[in-house]
Every structure is written in structure tokens, then in C-alpha cells.
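Colleague: Sending over structure02.cif (mmCIF, C-alpha atoms and all ligand atoms).
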data_work
loop_
_atom_site.group_PDB
_atom_site.id
_atom_site.type_symbol
_atom_site.label_atom_id
_atom_site.label_comp_id
_atom_site.auth_asym_id
_atom_site.auth_seq_id
_atom_site.Cartn_x
_atom_site.Cartn_y
_atom_site.Cartn_z
ATOM 1 C CA MET B 1 -25.477 0.186 -7.973
ATOM 2 C CA THR B 2 -28.533 -2.062 -8.224
ATOM 3 C CA GLN B 3 -28.834 -4.403 -5.251
ATOM 4 C CA THR B 4 -30.565 -7.758 -5.210
ATOM 5 C CA SER B 5 -31.627 -9.746 -2.177
ATOM 6 C CA THR B 6 -28.488 -11.902 -2.390
ATOM 7 C CA GLN B 7 -25.856 -9.266 -3.190
ATOM 8 C CA THR B 8 -25.084 -6.288 -1.021
ATOM 9 C CA LEU B 9 -22.984 -3.260 -1.718
ATOM 10 C CA GLN B 10 -20.056 -3.325 0.702
ATOM 11 C CA GLN B 11 -16.696 -1.726 1.344
ATOM 12 C CA THR B 12 -13.601 -3.680 2.353
ATOM 13 C CA LEU B 13 -9.971 -2.895 3.138
ATOM 14 C CA SER B 14 -7.329 -3.995 0.648
ATOM 15 C CA ILE B 15 -3.576 -3.608 1.066
ATOM 16 C CA VAL B 16 -0.925 -4.033 -1.593
ATOM 17 C CA LYS B 17 1.870 -5.335 0.637
ATOM 18 C CA PRO B 18 5.555 -4.248 0.556
ATOM 19 C CA ASP B 19 6.629 -7.166 -1.651
ATOM 20 C CA ALA B 20 4.232 -6.242 -4.463
ATOM 21 C CA VAL B 21 4.842 -2.480 -4.104
ATOM 22 C CA GLY B 22 8.592 -3.174 -4.343
ATOM 23 C CA GLN B 23 8.053 -5.264 -7.481
ATOM 24 C CA ASN B 24 6.222 -2.348 -9.153
ATOM 25 C CA GLN B 25 2.965 -4.306 -9.365
ATOM 26 C CA ILE B 26 0.494 -1.791 -7.865
ATOM 27 C CA GLY B 27 -1.246 -1.046 -11.155
ATOM 28 C CA ASN B 28 -1.360 -4.662 -12.281
ATOM 29 C CA ILE B 29 -2.930 -5.728 -8.977
ATOM 30 C CA ILE B 30 -5.554 -2.968 -8.952
ATOM 31 C CA GLU B 31 -6.592 -4.169 -12.414
ATOM 32 C CA TYR B 32 -7.571 -7.577 -10.943
ATOM 33 C CA PHE B 33 -10.022 -5.808 -8.614
ATOM 34 C CA GLU B 34 -11.419 -3.355 -11.147
ATOM 35 C CA ARG B 35 -12.063 -5.957 -13.835
ATOM 36 C CA GLU B 36 -14.180 -7.941 -11.337
ATOM 37 C CA GLY B 37 -16.341 -4.929 -10.567
ATOM 38 C CA LEU B 38 -14.694 -3.539 -7.432
ATOM 39 C CA SER B 39 -13.945 0.194 -7.366
ATOM 40 C CA VAL B 40 -11.150 1.971 -5.509
ATOM 41 C CA VAL B 41 -12.973 4.561 -3.371
ATOM 42 C CA ALA B 42 -9.991 5.513 -1.159
ATOM 43 C CA ALA B 43 -6.227 5.000 -1.420
ATOM 44 C CA LYS B 44 -3.028 6.061 0.337
ATOM 45 C CA MET B 45 0.557 4.925 0.564
ATOM 46 C CA VAL B 46 1.808 4.386 4.093
ATOM 47 C CA HIS B 47 5.009 3.073 5.663
ATOM 48 C CA LEU B 48 3.783 1.326 8.799
ATOM 49 C CA SER B 49 5.758 1.620 12.025
ATOM 50 C CA PRO B 50 6.291 -1.586 14.017
ATOM 51 C CA ASP B 51 3.624 -0.413 16.494
ATOM 52 C CA ASP B 52 1.149 0.233 13.642
ATOM 53 C CA ALA B 53 1.759 -3.211 12.152
ATOM 54 C CA LYS B 54 1.434 -4.935 15.553
ATOM 55 C CA LYS B 55 -1.869 -3.151 16.139
ATOM 56 C CA PHE B 56 -3.212 -3.925 12.665
ATOM 57 C CA TYR B 57 -2.356 -7.640 12.989
ATOM 58 C CA GLU B 58 -3.048 -7.945 16.727
ATOM 59 C CA ILE B 59 -5.363 -10.964 16.193
ATOM 60 C CA HIS B 60 -2.237 -12.851 15.096
ATOM 61 C CA ALA B 61 -0.093 -11.762 18.067
ATOM 62 C CA ASP B 62 0.172 -15.301 19.446
ATOM 63 C CA LYS B 63 1.061 -16.921 16.106
ATOM 64 C CA PRO B 64 4.645 -18.150 15.565
ATOM 65 C CA PHE B 65 4.958 -16.019 12.421
ATOM 66 C CA PHE B 66 3.862 -12.748 14.084
ATOM 67 C CA GLY B 67 7.361 -11.249 14.478
ATOM 68 C CA GLU B 68 8.289 -11.964 10.873
ATOM 69 C CA LEU B 69 4.929 -10.691 9.651
ATOM 70 C CA VAL B 70 5.473 -7.366 11.434
ATOM 71 C CA GLU B 71 9.011 -7.162 10.026
ATOM 72 C CA PHE B 72 7.725 -7.848 6.506
ATOM 73 C CA MET B 73 4.819 -5.388 6.717
ATOM 74 C CA THR B 74 7.173 -2.631 7.907
ATOM 75 C CA SER B 75 9.902 -3.402 5.340
ATOM 76 C CA GLY B 76 8.620 -0.827 2.848
ATOM 77 C CA PRO B 77 5.595 1.244 1.892
ATOM 78 C CA ILE B 78 2.190 -0.305 1.346
ATOM 79 C CA LEU B 79 -0.832 0.884 -0.588
ATOM 80 C CA ALA B 80 -3.982 0.844 1.577
ATOM 81 C CA MET B 81 -7.263 1.020 -0.327
ATOM 82 C CA VAL B 82 -10.971 0.861 0.280
ATOM 83 C CA LEU B 83 -12.651 -1.298 -2.372
ATOM 84 C CA GLU B 84 -16.377 -0.951 -2.957
ATOM 85 C CA GLY B 85 -18.718 -3.255 -4.816
ATOM 86 C CA SER B 86 -21.167 -6.099 -4.657
ATOM 87 C CA ASP B 87 -20.296 -8.374 -1.707
ATOM 88 C CA ALA B 88 -16.928 -6.604 -1.626
ATOM 89 C CA VAL B 89 -15.542 -8.557 1.353
ATOM 90 C CA ALA B 90 -16.052 -11.991 -0.252
ATOM 91 C CA THR B 91 -15.447 -10.751 -3.783
ATOM 92 C CA ASN B 92 -12.062 -9.335 -2.761
ATOM 93 C CA ARG B 93 -11.097 -12.560 -0.961
ATOM 94 C CA ARG B 94 -12.019 -14.575 -4.072
ATOM 95 C CA ILE B 95 -9.919 -12.315 -6.314
ATOM 96 C CA MET B 96 -6.979 -12.493 -3.838
ATOM 97 C CA GLY B 97 -6.864 -16.295 -3.622
ATOM 98 C CA ALA B 98 -5.675 -18.468 -0.738
ATOM 99 C CA THR B 99 -3.150 -17.211 1.838
ATOM 100 C CA ASP B 100 -0.623 -19.804 0.633
ATOM 101 C CA PRO B 101 0.094 -19.079 -3.041
ATOM 102 C CA THR B 102 0.767 -22.764 -3.735
ATOM 103 C CA LYS B 103 -2.905 -23.336 -2.834
ATOM 104 C CA ALA B 104 -4.281 -20.232 -4.573
ATOM 105 C CA GLU B 105 -6.461 -20.786 -7.618
ATOM 106 C CA ALA B 106 -4.985 -19.910 -11.003
ATOM 107 C CA GLY B 107 -5.656 -16.346 -12.027
ATOM 108 C CA THR B 108 -5.892 -14.989 -8.475
ATOM 109 C CA VAL B 109 -3.655 -12.151 -7.278
ATOM 110 C CA ARG B 110 -1.734 -14.415 -4.929
ATOM 111 C CA ALA B 111 -1.247 -17.139 -7.537
ATOM 112 C CA ASP B 112 0.189 -14.516 -9.863
ATOM 113 C CA PHE B 113 2.157 -12.195 -7.513
ATOM 114 C CA ALA B 114 2.867 -13.908 -4.150
ATOM 115 C CA THR B 115 6.278 -15.458 -3.558
ATOM 116 C CA SER B 116 5.525 -17.255 -0.247
ATOM 117 C CA ILE B 117 2.791 -17.757 2.359
ATOM 118 C CA GLU B 118 4.148 -14.638 4.089
ATOM 119 C CA ARG B 119 5.050 -12.470 1.098
ATOM 120 C CA ASN B 120 1.662 -12.887 -0.480
ATOM 121 C CA ALA B 121 1.159 -9.520 -2.190
ATOM 122 C CA VAL B 122 -2.178 -8.454 -0.714
ATOM 123 C CA HIS B 123 -4.288 -8.191 2.423
ATOM 124 C CA GLY B 124 -8.075 -8.267 2.443
ATOM 125 C CA SER B 125 -10.542 -7.978 5.309
ATOM 126 C CA ASP B 126 -12.102 -11.337 6.209
ATOM 127 C CA SER B 127 -15.512 -10.130 7.469
ATOM 128 C CA LEU B 128 -17.727 -7.076 7.192
ATOM 129 C CA GLU B 129 -17.123 -6.289 10.855
ATOM 130 C CA ASN B 130 -13.347 -6.471 10.449
ATOM 131 C CA ALA B 131 -13.592 -4.449 7.229
ATOM 132 C CA LYS B 132 -15.158 -1.566 9.157
ATOM 133 C CA THR B 133 -12.434 -1.685 11.819
ATOM 134 C CA GLU B 134 -9.623 -1.999 9.259
ATOM 135 C CA ILE B 135 -10.975 0.812 7.053
ATOM 136 C CA GLY B 136 -11.088 3.014 10.170
ATOM 137 C CA PHE B 137 -7.467 2.105 10.916
ATOM 138 C CA PHE B 138 -6.317 3.857 7.710
ATOM 139 C CA PHE B 139 -9.027 6.270 6.597
ATOM 140 C CA LYS B 140 -11.209 9.094 7.892
ATOM 141 C CA ASP B 141 -14.767 9.229 6.475
ATOM 142 C CA LYS B 142 -13.910 12.310 4.408
ATOM 143 C CA GLU B 143 -11.069 10.401 2.688
ATOM 144 C CA ILE B 144 -13.515 7.827 1.248
ATOM 145 C CA PHE B 145 -15.463 8.592 -1.942
ATOM 146 C CA PRO B 146 -18.301 6.058 -2.360
ATOM 147 C CA ARG B 147 -19.614 5.473 -5.899
ATOM 148 C CA ALA B 148 -23.064 4.408 -4.763
HETATM 149 P P1 LIG R 1 -4.993 -13.832 5.083
HETATM 150 O O1 LIG R 1 -4.076 -12.674 4.757
HETATM 151 O O2 LIG R 1 -5.241 -14.714 3.881
HETATM 152 O O3 LIG R 1 -6.287 -13.381 5.739
HETATM 153 P P2 LIG R 1 -4.111 -14.711 7.720
HETATM 154 O O4 LIG R 1 -4.240 -16.105 8.233
HETATM 155 O O5 LIG R 1 -5.047 -13.675 8.277
HETATM 156 O O6 LIG R 1 -4.227 -14.768 6.120
HETATM 157 O O7 LIG R 1 -2.611 -14.248 7.966
HETATM 158 C C1 LIG R 1 -2.236 -12.896 7.864
HETATM 159 C C2 LIG R 1 -0.927 -12.816 7.107
HETATM 160 O O8 LIG R 1 0.096 -13.443 7.877
HETATM 161 C C3 LIG R 1 -0.898 -13.563 5.772
HETATM 162 O O9 LIG R 1 -1.472 -12.839 4.697
HETATM 163 C C4 LIG R 1 0.592 -13.775 5.585
HETATM 164 O O10 LIG R 1 1.259 -12.575 5.150
HETATM 165 C C5 LIG R 1 1.030 -14.080 7.011
HETATM 166 N N1 LIG R 1 0.993 -15.523 7.296
HETATM 167 C C6 LIG R 1 -0.101 -16.310 7.457
HETATM 168 N N2 LIG R 1 0.228 -17.587 7.713
HETATM 169 C C7 LIG R 1 1.591 -17.606 7.718
HETATM 170 C C8 LIG R 1 2.558 -18.656 7.936
HETATM 171 O O11 LIG R 1 2.223 -19.828 8.186
HETATM 172 N N3 LIG R 1 3.874 -18.277 7.850
HETATM 173 C C9 LIG R 1 4.274 -17.006 7.595
HETATM 174 N N4 LIG R 1 3.407 -15.999 7.400
HETATM 175 C C10 LIG R 1 2.077 -16.293 7.453
HETATM 176 MG MG MG R 2 -6.553 -12.460 7.573
#
Could you render the structure as C-alpha cells?
Modeller:
Amino acid sequence: MTQTSTQTLQQTLSIVKPDAVGQNQIGNIIEYFEREGLSVVAAKMVHLSPDDAKKFYEIHADKPFFGELVEFMTSGPILAMVLEGSDAVATNRRIMGATDPTKAEAGTVRADFATSIERNAVHGSDSLENAKTEIGFFFKDKEIFPRA
């Protein structure tokens, strides 16, 4: 991919959460990413254990919604993916929309698939540093197939 001084090729972690997997929306959601230029370069379905989910969301451990979040994220399988593309971390967050679907812009994944602030269809890394950690949580290097 051609890089300019303002756009950098990145990888980020995306998760299709149990609500959206259960609603049979995996393919529809991946289309939102692909049509904006992000590529799936790794993917696996996982059913997180409570310990896995607590570790993944440990930065939220002191939040009042932490227990329910862990319960939700372990309620069924998820699809974990590595998305690659120009400014992938920010691009993915833009495509996802705001955490609260009532505040998400029209046409975003959360506006179209989330049913509440908790059951909001997708996860996306919020920084390049966290993307690296979160990708490592799910994938070995040899399970990732960069396009670039
Ligand atoms: P993000 O997923 O948009 O980055 P975070 O603030 O990192 O949002 O929260 C992580 C996840 O925790 C959210 O995606 C959502 O599933 C859940 N969550 C966030 N805020 C609330 C809340 O106020 N009530 C219930 N669940 C919440
Ligand atoms: Mg977050």
C-alpha cells in the first residue's frame, strides 16, 4: 500500500461481540470494514472464559459495568480479527461509531447493529499501543497474513 506522510499502514484488533455473532451479522459487519479499505489479515472464533474476558478488559476492572461486561463477553462465541489498512486504529473506530449506539453516527456499525451501550456489536483497539497488546492476546505472528 502506498503511504503518505499523513497516513500510516497499521493493524488493529477488531472483535465481533457475542450479540452480533448471535444475530448472524458477522458477514454484514465485515463488509463495513472492507468497503472502507480495511482488510482482514487474521481471524478466529473464540469463546472467552471469564478469566480471559477479565484479562482482556482489565483496564475497566474498577468500572461499575465490569461484571456485566465480562458476563456479556463470555455469553457466546466472538470473532476476533486483525484489520489492516491506512490509519487502521482510527479508521476502525470511525467505522464502529460511538460506544453508545444512541450517540453513534448514522451508517456506523454500532448505529446499525448495537442494541445498547453494552451490547454494542464490536470492539476496536483505541490506540496503536493497545492494538499491539490486544492483537497479541489473540494471535501468534504466524497466524497474521499482512497484505503490505
Ligand atoms: P469502546 O468499546 O467504545 O472502546 P469502552 O469505554 O472501552 O468503549 O468500554 C468497553 C466496553 O464496555 C464497551 O464497548 C461496552 O460493551 C461496555 N460499556 C462501556 N460503557 C458502558 C456502560 O456505561 N454500561 C454498560 N456497558 C458499558
Ligand atoms: Mg475501549
Colleague: Check what the PyMOL selection byres (((not hetatm)) within 6 of (chain R and resi 1)) selects in the file above and give those residues as a list in words.
Modeller: Phe65, Leu69, Ala98, Thr99, Ile117, Glu118, Arg119, Asn120 and His123 of chain B
Colleague: I want to know what sits within 10 Å of Gly124 (chain B), based on only C-alpha atoms, with residues of the same chain fewer than 2 positions away left out; could you give that as a PyMOL selection string?
Modeller: chain B and resi 12-16+81-83+88-96+122+126-127+130-131+134
Colleague: Mind pulling up the distance from CA of Phe145 (chain B) to CA of Pro18 (chain B)?
Modeller: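 Computed distance, CA of Pro18 (chain B) to CA of Phe145 (chain B), equals 24.8 Å.
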Colleague: Distance CA of Ala148 (chain B)-CA of Gln7 (chain B), one decimal place?
Modeller: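 Calculated distance between CA of Ala148 (chain B) and CA of Gln7 (chain B) is 14.0 Å.
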Colleague: From the list B:Ser39, B:Gln23, B:Ser125, B:Ser116, which residue is nearest ligand MG 2 (chain R) when using only C-alpha atoms and all ligand atoms?
Modeller: B:Ser125
Colleague: Kindly give the distance, in Å, that separates CA of Ala42 (chain B) and CA of Gly136 (chain B), rounded to a single decimal.
Modeller: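 One can read the CA of Ala42 (chain B) to CA of Gly136 (chain B) distance as 11.7 Å.
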Colleague: Given the choices B:Asp87, B:Glu71, B:Asp141, B:Glu58, which gets closest to ligand MG 2 (chain R) if the distance is worked out from all atoms listed in the file?
Modeller: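 Looking only at the distances to ligand MG 2 (chain R), the closest residue turns out to be B:Glu58.
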Colleague: Could you state which residues are captured by the PyMOL selection byres (((chain B and resi 29) around 9) and not hetatm) in this file, as a PyMOL selection string?
Modeller: chain B and resi 16+20+25-28+30-33+109+113+121-122
Colleague: Take every atom of region 96-113 of chain B listed in the file, pad by 8 Å on each side, and give me the axis-aligned box centre and edge lengths in Å, one decimal, as AutoDock Vina command-line options.
Modeller:
--center_x -2.4 --center_y -17.7 --center_z -5.1 --size_x 25.1 --size_y 27.2 --size_z 29.9
Colleague: For Gly85 (chain B), which residue among B:Asp19, B:Glu34, B:Glu105, B:Glu143 is the nearest when counting all atoms listed in the file?
Modeller: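 Selected residue with least distance to Gly85 (chain B): B:Glu34.
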Colleague: Of the residues B:Asp51, B:Glu84, B:Glu36, B:Asp62, which is the one nearest to Gln10 (chain B), using only C-alpha atoms?
Modeller: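 Looking at the shortest contact to Gln10 (chain B), the residue is B:Glu84.
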Colleague: Between B:Gly107, B:Gly37, B:Pro146, B:Gly97, which one has atoms that come closest to ligand MG 2 (chain R), using all atoms listed in the file?
Modeller: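 Among the listed residues, the smallest separation from ligand MG 2 (chain R) belongs to B:Gly97.
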Colleague: Taking all atoms listed in the file into account, name the residue in B:His60, B:Val46, B:Ala114, B:Ser75 that is nearest to ligand MG 2 (chain R).
Modeller: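 Closest to ligand MG 2 (chain R), using all atoms listed in the file: B:His60.
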Colleague: Which residues would end up in the selection if the PyMOL selection byres (((chain B and resi 52) around 12) and not hetatm) were applied here, given that I need the answer as JSON, numbers by chain?
Modeller: {"B": [46, 47, 48, 49, 50, 51, 53, 54, 55, 56, 57, 58, 70, 71, 73, 74, 134, 137, 138]}
